[in-house]
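Student: Structure file final-v2.cif (mmCIF, C-alpha atoms) is given on the next line.
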```cif
data_run
loop_
_atom_site.label_atom_id
_atom_site.label_comp_id
_atom_site.auth_asym_id
_atom_site.auth_seq_id
_atom_site.Cartn_x
_atom_site.Cartn_y
_atom_site.Cartn_z
CA MET R 259 85.57 116.07 229.58
CA THR R 260 88.77 117.21 231.30
CA LEU R 261 91.39 119.34 229.60
CA ARG R 262 93.71 116.32 229.55
CA GLU R 263 91.07 114.17 227.83
CA TYR R 264 90.39 116.92 225.30
CA SER R 265 94.11 117.21 224.56
CA GLU R 266 94.53 113.45 224.18
CA GLU R 267 91.58 113.18 221.80
CA LEU R 268 92.87 116.00 219.62
CA ALA R 269 96.34 114.46 219.50
CA ALA R 270 94.88 111.07 218.54
CA LEU R 271 92.77 112.69 215.81
CA VAL R 272 95.80 114.45 214.33
CA GLU R 273 97.83 111.25 214.42
CA ALA R 274 95.06 109.29 212.67
CA ALA R 275 94.75 111.88 209.90
CA SER R 276 98.48 112.51 209.47
CA GLY R 277 98.94 109.77 206.86
CA SER R 278 96.48 111.51 204.55
CA VAL R 279 98.35 114.82 204.45
CA VAL R 280 101.07 115.35 201.83
CA GLY R 281 103.42 118.07 200.68
CA VAL R 282 102.96 119.53 197.21
CA GLY R 283 105.82 121.18 195.37
CA ARG R 284 108.27 123.43 197.17
CA GLY R 285 105.82 125.12 199.49
CA GLY R 286 102.31 123.67 199.41
CA SER R 287 100.21 120.96 200.97
CA GLY R 288 97.57 118.51 199.82
CA VAL R 289 95.26 115.79 201.06
CA ILE R 290 94.62 112.27 199.82
CA VAL R 291 90.88 111.96 199.15
CA ALA R 292 90.84 108.67 197.21
CA GLN R 293 93.24 105.96 196.13
CA GLY R 294 95.69 107.60 193.73
CA GLN R 295 94.10 111.03 194.10
CA VAL R 296 95.33 114.14 195.92
CA VAL R 297 93.50 117.47 196.19
CA THR R 298 95.37 120.75 196.54
CA ASN R 299 95.07 124.41 195.54
CA ALA R 300 95.62 125.36 191.91
CA HIS R 301 98.08 128.06 192.97
CA ASN R 302 100.42 125.32 194.29
CA LEU R 303 100.97 123.92 190.81
CA ARG R 304 104.17 124.42 188.87
CA GLU R 305 105.44 122.92 185.62
CA GLN R 306 106.32 119.70 187.41
CA VAL R 307 104.41 118.73 190.53
CA GLU R 308 106.18 116.63 193.13
CA VAL R 309 104.22 115.05 195.98
CA PHE R 310 105.90 114.31 199.32
CA PHE R 311 104.40 111.51 201.43
CA PRO R 312 104.47 111.10 205.22
CA ASP R 313 106.84 108.12 205.02
CA GLY R 314 109.46 110.18 203.17
CA GLY R 315 108.59 108.90 199.70
CA THR R 316 108.15 111.23 196.76
CA ALA R 317 106.48 110.92 193.36
CA GLN R 318 105.83 113.07 190.30
CA ALA R 319 102.12 113.73 189.89
CA ALA R 320 100.01 114.20 186.78
CA VAL R 321 97.36 116.94 186.81
CA PRO R 322 94.19 115.65 185.16
CA GLY R 323 92.33 118.85 186.00
CA ALA R 324 92.93 122.26 187.58
CA ASP R 325 90.35 124.97 188.17
CA VAL R 326 92.48 128.11 188.39
CA ASP R 327 89.52 130.43 188.97
CA GLY R 328 88.25 128.26 191.83
CA ASP R 329 91.78 127.58 193.19
CA LEU R 330 91.32 123.81 193.17
CA ALA R 331 93.36 121.05 191.53
CA VAL R 332 93.35 117.27 191.47
CA LEU R 333 96.60 115.33 191.24
CA SER R 334 96.92 111.76 190.00
CA VAL R 335 99.73 110.01 191.87
CA PRO R 336 100.32 106.55 193.39
CA THR R 337 99.33 106.86 197.05
CA GLY R 338 100.21 103.31 198.10
CA ASP R 339 98.97 102.33 201.54
CA HIS R 340 98.27 105.90 202.66
CA ARG R 341 94.67 106.16 203.80
CA PRO R 342 92.35 108.66 202.11
CA LEU R 343 90.68 111.15 204.42
CA GLU R 344 86.93 110.67 204.83
CA TRP R 345 84.52 113.17 203.31
CA PRO R 346 81.80 114.51 205.65
CA ALA R 347 78.42 112.83 205.87
CA PRO R 348 75.87 113.97 203.25
CA GLY R 349 74.15 117.15 204.34
CA ARG R 350 76.81 117.95 206.92
CA ALA R 351 77.01 121.74 207.16
CA PRO R 352 79.79 123.64 208.96
CA ARG R 353 78.59 125.67 211.93
CA LEU R 354 79.78 129.03 213.13
CA GLY R 355 81.93 128.55 216.21
CA GLU R 356 82.62 124.83 215.83
CA VAL R 357 86.09 123.56 216.64
CA VAL R 358 88.30 122.74 213.65
CA ILE R 359 91.80 121.33 213.14
CA GLY R 360 94.03 122.50 210.30
CA LEU R 361 96.77 120.17 209.05
CA SER R 362 99.56 120.71 206.56
CA ARG R 363 102.88 119.36 205.38
CA PRO R 364 104.48 122.42 203.76
CA GLY R 365 106.64 121.36 200.85
CA GLY R 366 107.02 117.87 202.33
CA ARG R 367 108.40 119.00 205.65
CA SER R 368 107.09 117.78 209.01
CA LEU R 369 103.37 117.72 209.76
CA ARG R 370 101.93 120.95 211.17
CA ALA R 371 98.67 121.17 213.12
CA GLY R 372 96.60 124.05 214.47
CA VAL R 373 93.32 124.15 216.40
CA GLY R 374 90.75 126.91 216.15
CA SER R 375 87.10 127.54 215.34
CA ILE R 376 85.01 128.64 212.38
CA SER R 377 84.79 132.42 212.61
CA ALA R 378 82.71 133.17 209.50
CA LEU R 379 80.67 131.39 206.83
CA ASP R 380 80.10 132.16 203.15
CA VAL R 381 83.17 134.38 202.74
CA ALA R 382 84.23 135.55 199.28
CA PHE R 383 87.82 135.98 198.13
CA ARG R 384 89.74 136.77 194.96
CA GLY R 385 91.04 133.59 193.35
CA PRO R 386 94.41 133.30 191.57
CA GLY R 387 92.67 133.68 188.20
CA GLY R 388 91.19 137.03 189.25
CA THR R 389 87.60 135.88 189.72
CA THR R 390 85.65 135.97 192.97
CA VAL R 391 85.34 132.65 194.81
CA THR R 392 82.31 132.52 197.10
CA GLY R 393 81.18 130.33 199.97
CA ALA R 394 84.52 129.91 201.79
CA LEU R 395 84.91 129.16 205.49
CA GLU R 396 86.96 131.50 207.67
CA HIS R 397 88.67 129.93 210.68
CA SER R 398 91.16 130.77 213.39
CA ALA R 399 93.34 127.63 213.37
CA PRO R 400 96.95 128.90 213.19
CA LEU R 401 98.76 127.44 210.19
CA ALA R 402 102.31 127.81 208.93
CA ARG R 403 103.35 129.21 205.58
CA GLY R 404 102.81 126.50 202.95
CA SER R 405 99.59 125.17 204.50
CA SER R 406 97.42 126.01 201.49
CA GLY R 407 95.92 122.89 199.99
CA GLY R 408 95.97 121.03 203.30
CA PRO R 409 92.83 119.74 205.03
CA LEU R 410 90.60 121.38 207.60
CA LEU R 411 89.11 118.69 209.85
CA ASP R 412 86.10 118.53 212.13
CA VAL R 413 86.28 116.93 215.58
CA GLU R 414 85.33 113.56 214.05
CA GLY R 415 88.49 113.66 211.93
CA ARG R 416 86.59 114.07 208.67
CA LEU R 417 87.38 116.52 205.90
CA LEU R 418 85.61 119.83 206.48
CA GLY R 419 87.48 121.99 203.97
CA ILE R 420 90.56 122.60 201.83
CA ASN R 421 92.65 125.49 203.19
CA THR R 422 93.42 128.15 200.60
CA HIS R 423 95.27 131.13 202.06
CA ARG R 424 95.72 133.38 205.07
CA GLN R 425 93.96 136.74 205.05
CA SER R 426 95.65 139.98 206.02
CA ASP R 427 94.07 139.85 209.50
CA GLY R 428 95.55 136.41 210.17
CA PHE R 429 92.46 134.24 209.70
CA TYR R 430 92.63 131.39 207.19
CA LEU R 431 90.09 130.59 204.47
CA ALA R 432 89.03 127.14 203.33
CA LEU R 433 86.87 125.78 200.53
CA PRO R 434 84.07 123.82 202.26
CA ALA R 435 84.18 120.07 201.62
CA ASP R 436 80.50 119.84 200.70
CA ALA R 437 78.70 117.87 198.00
CA GLU R 438 79.51 120.57 195.43
CA LEU R 439 83.24 120.37 196.13
CA LYS R 440 83.13 116.59 195.96
CA GLU R 441 81.49 116.83 192.52
CA ARG R 442 84.12 119.36 191.39
CA VAL R 443 86.90 117.05 192.54
CA GLY R 444 85.33 114.16 190.66
CA ALA R 445 85.00 116.24 187.49
CA LEU R 446 88.58 117.52 187.68
CA GLY R 447 89.79 113.97 188.23
CA ARG R 448 88.12 113.08 184.91
CA GLY R 449 89.80 116.02 183.19
CA GLU R 450 86.64 118.13 183.08
CA VAL R 451 87.81 121.69 183.71
CA PRO R 452 85.00 124.21 184.35
CA ARG R 453 84.76 127.39 182.32
CA ARG R 454 82.85 130.31 183.79
CA PRO R 455 81.00 132.97 181.81
CA ARG R 456 82.79 136.29 181.41
CA LEU R 457 81.35 139.71 180.76
CA GLY R 458 84.67 141.12 179.56
CA VAL R 459 84.50 144.35 181.54
CA ALA R 460 86.49 146.24 184.17
CA LEU R 461 84.42 147.40 187.14
CA ALA R 462 84.82 150.30 189.53
CA PRO R 463 84.47 149.50 193.25
CA PRO R 464 80.91 150.12 194.57
CA ARG R 465 82.09 153.08 196.68
CA ALA R 466 83.69 154.69 193.62
CA ALA R 467 80.53 154.07 191.61
CA ARG R 468 78.38 155.87 194.20
CA HIS R 469 80.82 158.78 194.33
CA LEU R 470 80.90 159.16 190.55
CA ARG R 471 77.10 159.13 190.22
CA ARG R 472 76.77 161.68 193.00
CA ALA R 473 79.44 163.87 191.37
CA VAL R 474 77.42 164.15 188.14
CA GLY R 475 74.10 164.71 189.93
CA LEU R 476 72.64 161.23 189.43
CA PRO R 477 70.60 159.57 192.19
CA PRO R 478 72.30 156.78 194.20
CA ARG R 479 71.66 153.25 193.00
CA ASP R 480 73.05 149.87 194.02
CA GLY R 481 75.06 148.26 191.25
CA LEU R 482 78.47 147.85 189.67
CA LEU R 483 79.83 150.62 187.48
CA VAL R 484 81.44 149.55 184.21
CA HIS R 485 84.80 151.29 183.97
CA ALA R 486 85.96 149.76 180.65
CA VAL R 487 84.62 147.29 178.11
CA ASP R 488 86.42 144.75 175.94
CA PRO R 489 84.74 145.27 172.55
CA ASP R 490 85.27 141.59 171.70
CA GLY R 491 83.84 140.34 175.00
CA ALA R 492 80.27 139.21 175.66
CA ALA R 493 79.21 142.56 177.19
CA GLY R 494 80.91 144.61 174.48
CA ARG R 495 79.21 142.67 171.67
CA ALA R 496 75.85 143.13 173.39
CA GLY R 497 76.22 146.89 173.62
CA VAL R 498 77.22 147.45 177.25
CA ARG R 499 79.11 150.74 177.55
CA ALA R 500 81.63 152.28 179.91
CA GLY R 501 79.62 154.26 182.46
CA ASP R 502 76.74 151.76 182.59
CA LEU R 503 75.68 150.66 186.07
CA VAL R 504 74.91 146.92 186.14
CA VAL R 505 72.05 146.40 188.62
CA SER R 506 70.89 142.86 187.83
CA VAL R 507 71.82 139.76 185.83
CA ALA R 508 69.03 137.41 184.75
CA GLY R 509 66.78 139.01 187.37
CA ALA R 510 69.29 138.59 190.22
CA PRO R 511 70.17 141.93 191.89
CA VAL R 512 73.86 142.85 191.67
CA ALA R 513 75.34 145.16 194.31
CA THR R 514 78.78 143.60 194.82
CA VAL R 515 81.27 141.59 192.77
CA GLU R 516 80.24 138.58 194.88
CA ASP R 517 76.63 139.04 193.69
CA LEU R 518 77.90 139.24 190.11
CA ALA R 519 79.99 136.09 190.50
CA ARG R 520 77.00 134.13 191.79
CA ALA R 521 74.72 135.47 189.05
CA LEU R 522 77.18 134.59 186.28
CA GLU R 523 77.72 131.14 187.77
CA ALA R 524 73.95 130.57 187.63
CA VAL R 525 73.80 131.63 183.98
CA GLY R 526 76.56 129.22 183.04
CA GLU R 527 79.02 129.09 180.17
CA GLY R 528 77.38 129.68 176.79
CA GLY R 529 74.16 130.97 178.39
CA LEU R 530 72.00 133.92 177.42
CA ALA R 531 70.96 136.45 180.06
CA ASP R 532 69.40 139.88 180.31
CA LEU R 533 71.50 142.53 182.03
CA LEU R 534 69.61 145.44 183.54
CA VAL R 535 71.86 148.49 183.40
CA VAL R 536 71.27 152.11 184.36
CA ARG R 537 72.61 154.42 181.66
CA GLY R 538 72.50 157.94 183.04
CA ALA R 539 69.00 158.05 184.54
CA ASP R 540 67.48 155.44 182.19
CA GLU R 541 67.12 151.71 182.68
CA VAL R 542 68.21 149.62 179.70
CA VAL R 543 67.91 145.85 179.25
CA VAL R 544 70.83 144.31 177.35
CA ALA R 545 70.72 140.67 176.18
CA VAL R 546 74.16 139.12 176.61
CA GLN R 547 75.22 135.89 174.94
CA PHE R 548 78.11 134.43 176.90
CA ASP R 549 80.99 132.64 175.24
CA ARG R 550 81.85 129.02 175.81
CA ASP R 551 85.48 130.02 176.16
CA GLY R 552 85.35 133.72 176.77
CA PRO R 553 88.01 136.33 177.56
CA ALA R 554 89.33 136.69 181.06
CA GLU R 555 87.31 139.00 183.29
CA GLN R 556 88.97 142.28 184.20
CA GLY R 557 88.57 143.44 187.77
CA THR R 558 85.39 141.53 188.52
CA ALA R 559 86.68 138.43 190.34
#
```
Would you mind writing the file out in structure tokens?
Tutor:
Amino acid sequence: MTLREYSEELAALVEAASGSVVGVGRGGSGVIVAQGQVVTNAHNLREQVEVFFPDGGTAQAAVPGADVDGDLAVLSVPTGDHRPLEWPAPGRAPRLGEVVIGLSRPGGRSLRAGVGSISALDVAFRGPGGTTVTGALEHSAPLARGSSGGPLLDVEGRLLGINTHRQSDGFYLALPADAELKERVGALGRGEVPRRPRLGVALAPPRAARHLRRAVGLPPRDGLLVHAVDPDGAAGRAGVRAGDLVVSVAGAPVATVEDLARALEAVGEGGLADLLVVRGADEVVVAVQFDRDGPAEQGTA
């Protein structure tokens, strides 16, 4: 393929997908994924959500469901003749290095497009609700301010991800458009908002935890150091104390806040799990009953 052919194919792909990309609010983007349904980031939502269409039309959207912790929201709005973007084929997995196209329509302004490649897989970031979101794609497609919520496409023009935000080093992150995301979108569209289990603790960074243990003569150990405990939270009720080092949840080793997020997700809201903590030099097993609508996590993402 010549450079000219490559350029023409990319331009045709962008043009074909342009009708599926909308503006959301004053400075966000979104993508039409089904008739009457737009997906965007939860952090783009305001009290009233206006959607801007490619043909210049606007409409007020209802929000049947928003997952603030996961930075995902579904909008219900008449989409008319605008074509929904296709989801990827079942089992389609993003590959490191593959070419991607980022599209956006910041706040309803003109369409923006950027071409890059996937630079990292399974990246974790701090969501707007303070919890850690795992499994994101990192890519190098340059995108303008207000591109969050817009689609990341593969070279077939199918949805590969939902862009979330730019990192400090300039790379953008996107939620992968896999089967799990499709299920989440469906649930949010039905008004089913997920609730994640919360320990109700503040955690020291792993480096600080190692330094503090070394300072008091304790041997190094992977884990997360509890800095403070909400006495009314799940961990506080179970007897977890400030100074405890959490090393596993339900048998899953915990060395980072990303590990903790995955372990808590596996336990699920309202679940019961054993926490293995190191208290001084002793290992203690604490049975934690998680709330069905628990307090917000503090410093754990």
Student: Could you list the residues chosen by the PyMOL selection byres ((chain R and resi 380) around 6) in this structure as a PyMOL selection string?
Tutor: chain R and resi 379+381+393-394
Student: Apply the PyMOL selection byres ((chain R and resi 505-515) around 7) to the displayed file and report the matching residues as a ChimeraX atom specification.
Tutor: /R:464,480-482,503-504,516-519,521,531-535,558-559
Student: Write out, as a tab-separated table (two decimals), in the coordinates of the input, the residues just selected, with C-alpha atoms.
Tutor:
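The new file result.tsv reads:
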```tsv
chain	number	residue	atom	x	y	z
R	464	PRO	CA	80.91	150.12	194.57
R	480	ASP	CA	73.05	149.87	194.02
R	481	GLY	CA	75.06	148.26	191.25
R	482	LEU	CA	78.47	147.85	189.67
R	503	LEU	CA	75.68	150.66	186.07
R	504	VAL	CA	74.91	146.92	186.14
R	516	GLU	CA	80.24	138.58	194.88
R	517	ASP	CA	76.63	139.04	193.69
R	518	LEU	CA	77.90	139.24	190.11
R	519	ALA	CA	79.99	136.09	190.50
R	521	ALA	CA	74.72	135.47	189.05
R	531	ALA	CA	70.96	136.45	180.06
R	532	ASP	CA	69.40	139.88	180.31
R	533	LEU	CA	71.50	142.53	182.03
R	534	LEU	CA	69.61	145.44	183.54
R	535	VAL	CA	71.86	148.49	183.40
R	558	THR	CA	85.39	141.53	188.52
R	559	ALA	CA	86.68	138.43	190.34
```
Student: Residues picked by the PyMOL selection byres ((chain R and resi 413) around 7) here, as a PyMOL selection string?
Tutor: chain R and resi 357-358+411-412+414-415
Student: Given only C-alpha atoms as the basis, pick out the residue of R:Val335, R:Val309, R:Ala378, R:Val291 nearest to Glu356 in chain R.
Tutor: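 Of the candidates, the smallest distance to Glu356 in chain R is held by R:Ala378.
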Student: Which neighbours of Gly294 in chain R fall inside 8 Å, counting only C-alpha atoms, when residues of the same chain fewer than 2 positions from it are skipped, and could you give them as a list in words?
Tutor: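 Here the answer would be Ile290, Ala292, Val296, Ser334, Val335, Pro336, Thr337 and Gly338 of chain R.
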Student: Create the file for the chosen residues now, containing C-alpha atoms and written as a PDB file, in the frame of the given file.
Tutor:
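Resulting contents of part27.pdb:
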```pdb
ATOM      1  CA  ILE R 290      94.620 112.270 199.820  1.00  0.00           C
ATOM      2  CA  ALA R 292      90.840 108.670 197.210  1.00  0.00           C
ATOM      3  CA  VAL R 296      95.330 114.140 195.920  1.00  0.00           C
ATOM      4  CA  SER R 334      96.920 111.760 190.000  1.00  0.00           C
ATOM      5  CA  VAL R 335      99.730 110.010 191.870  1.00  0.00           C
ATOM      6  CA  PRO R 336     100.320 106.550 193.390  1.00  0.00           C
ATOM      7  CA  THR R 337      99.330 106.860 197.050  1.00  0.00           C
ATOM      8  CA  GLY R 338     100.210 103.310 198.100  1.00  0.00           C
TER       9      GLY R 338
END
```
Student: Between R:Pro312, R:Arg284, R:Ser278, R:Pro400, which has the minimum distance to Pro342 in chain R (counting all atoms listed in the file)?
Tutor: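 With all atoms listed in the file as the atom set, the closest residue is R:Ser278.
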Student: Could you pull the residues within 7 Å of Pro322 in chain R, counting all atoms listed in the file, minus those fewer than 5 positions along the same chain, as a list in words?
Tutor: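 Residues near the query, excluding close chain neighbours: Val332, Leu333, Ser334, Leu446, Gly447, Arg448 and Gly449 of chain R.
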Student: So how far away is CA of Val307 in chain R from CA of Arg456 in chain R, in Å?
Tutor: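 These two atoms are separated by 29.3 Å.
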Student: How far is it from CA of Asp436 in chain R to CA of Gly355 in chain R, in Å with one decimal?
Tutor: 17.8 Å
Student: Which residues of range 413-472 of chain R have any atom within 12 Å of an atom in range 537-549 of chain R when counting only C-alpha atoms, and what is the closest pair of atoms for each, with the distance in Å to one decimal? Order the rows by chain and rising number and write it as a tab-separated table.
Tutor:
```
residue	atom	partner	partner_atom	distance
R:Arg453	CA	R:Asp549	CA	9.6
R:Arg454	CA	R:Asp549	CA	9.1
R:Pro455	CA	R:Phe548	CA	5.9
R:Arg456	CA	R:Phe548	CA	6.8
R:Leu457	CA	R:Phe548	CA	7.3
R:Gly458	CA	R:Phe548	CA	9.7
R:Leu470	CA	R:Gly538	CA	11.3
R:Arg471	CA	R:Gly538	CA	8.6
R:Arg472	CA	R:Gly538	CA	11.5
```
Student: Have a look at CA of Gly360 in chain R and CA of Val326 in chain R and let me know their distance in Å, one decimal.
Tutor: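 CA of Gly360 in chain R sits 22.7 Å away from CA of Val326 in chain R.
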Student: Near Asp313 in chain R, within 10 Å and counting all atoms listed in the file, which residues show up once chain neighbours fewer than 5 positions away are dropped, as a list in words?
Tutor: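 Counting all atoms listed in the file, the residues come to Gly277, Val280 and His340 of chain R.
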Student: Given the choices R:Ala486, R:Leu476, R:Ala445, R:Ala275, which gets closest to Pro409 in chain R if the distance is worked out from only C-alpha atoms?
Tutor: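 Under the stated criterion, the closest residue is R:Ala275.
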Student: Under the rule that all atoms listed in the file are counted, which of R:Leu522, R:Ala493, R:Ile376, R:Ala382 is the nearest residue to His397 in chain R?
Tutor: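 Among R:Leu522, R:Ala493, R:Ile376, R:Ala382, it is R:Ile376 that comes nearest to His397 in chain R.
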Student: For a quick check of understanding, using only C-alpha atoms, which of R:Gly285, R:Glu441, R:Arg416, R:Gly315 has the smallest distance to Ala347 in chain R?
Tutor: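 Closest candidate: R:Arg416.
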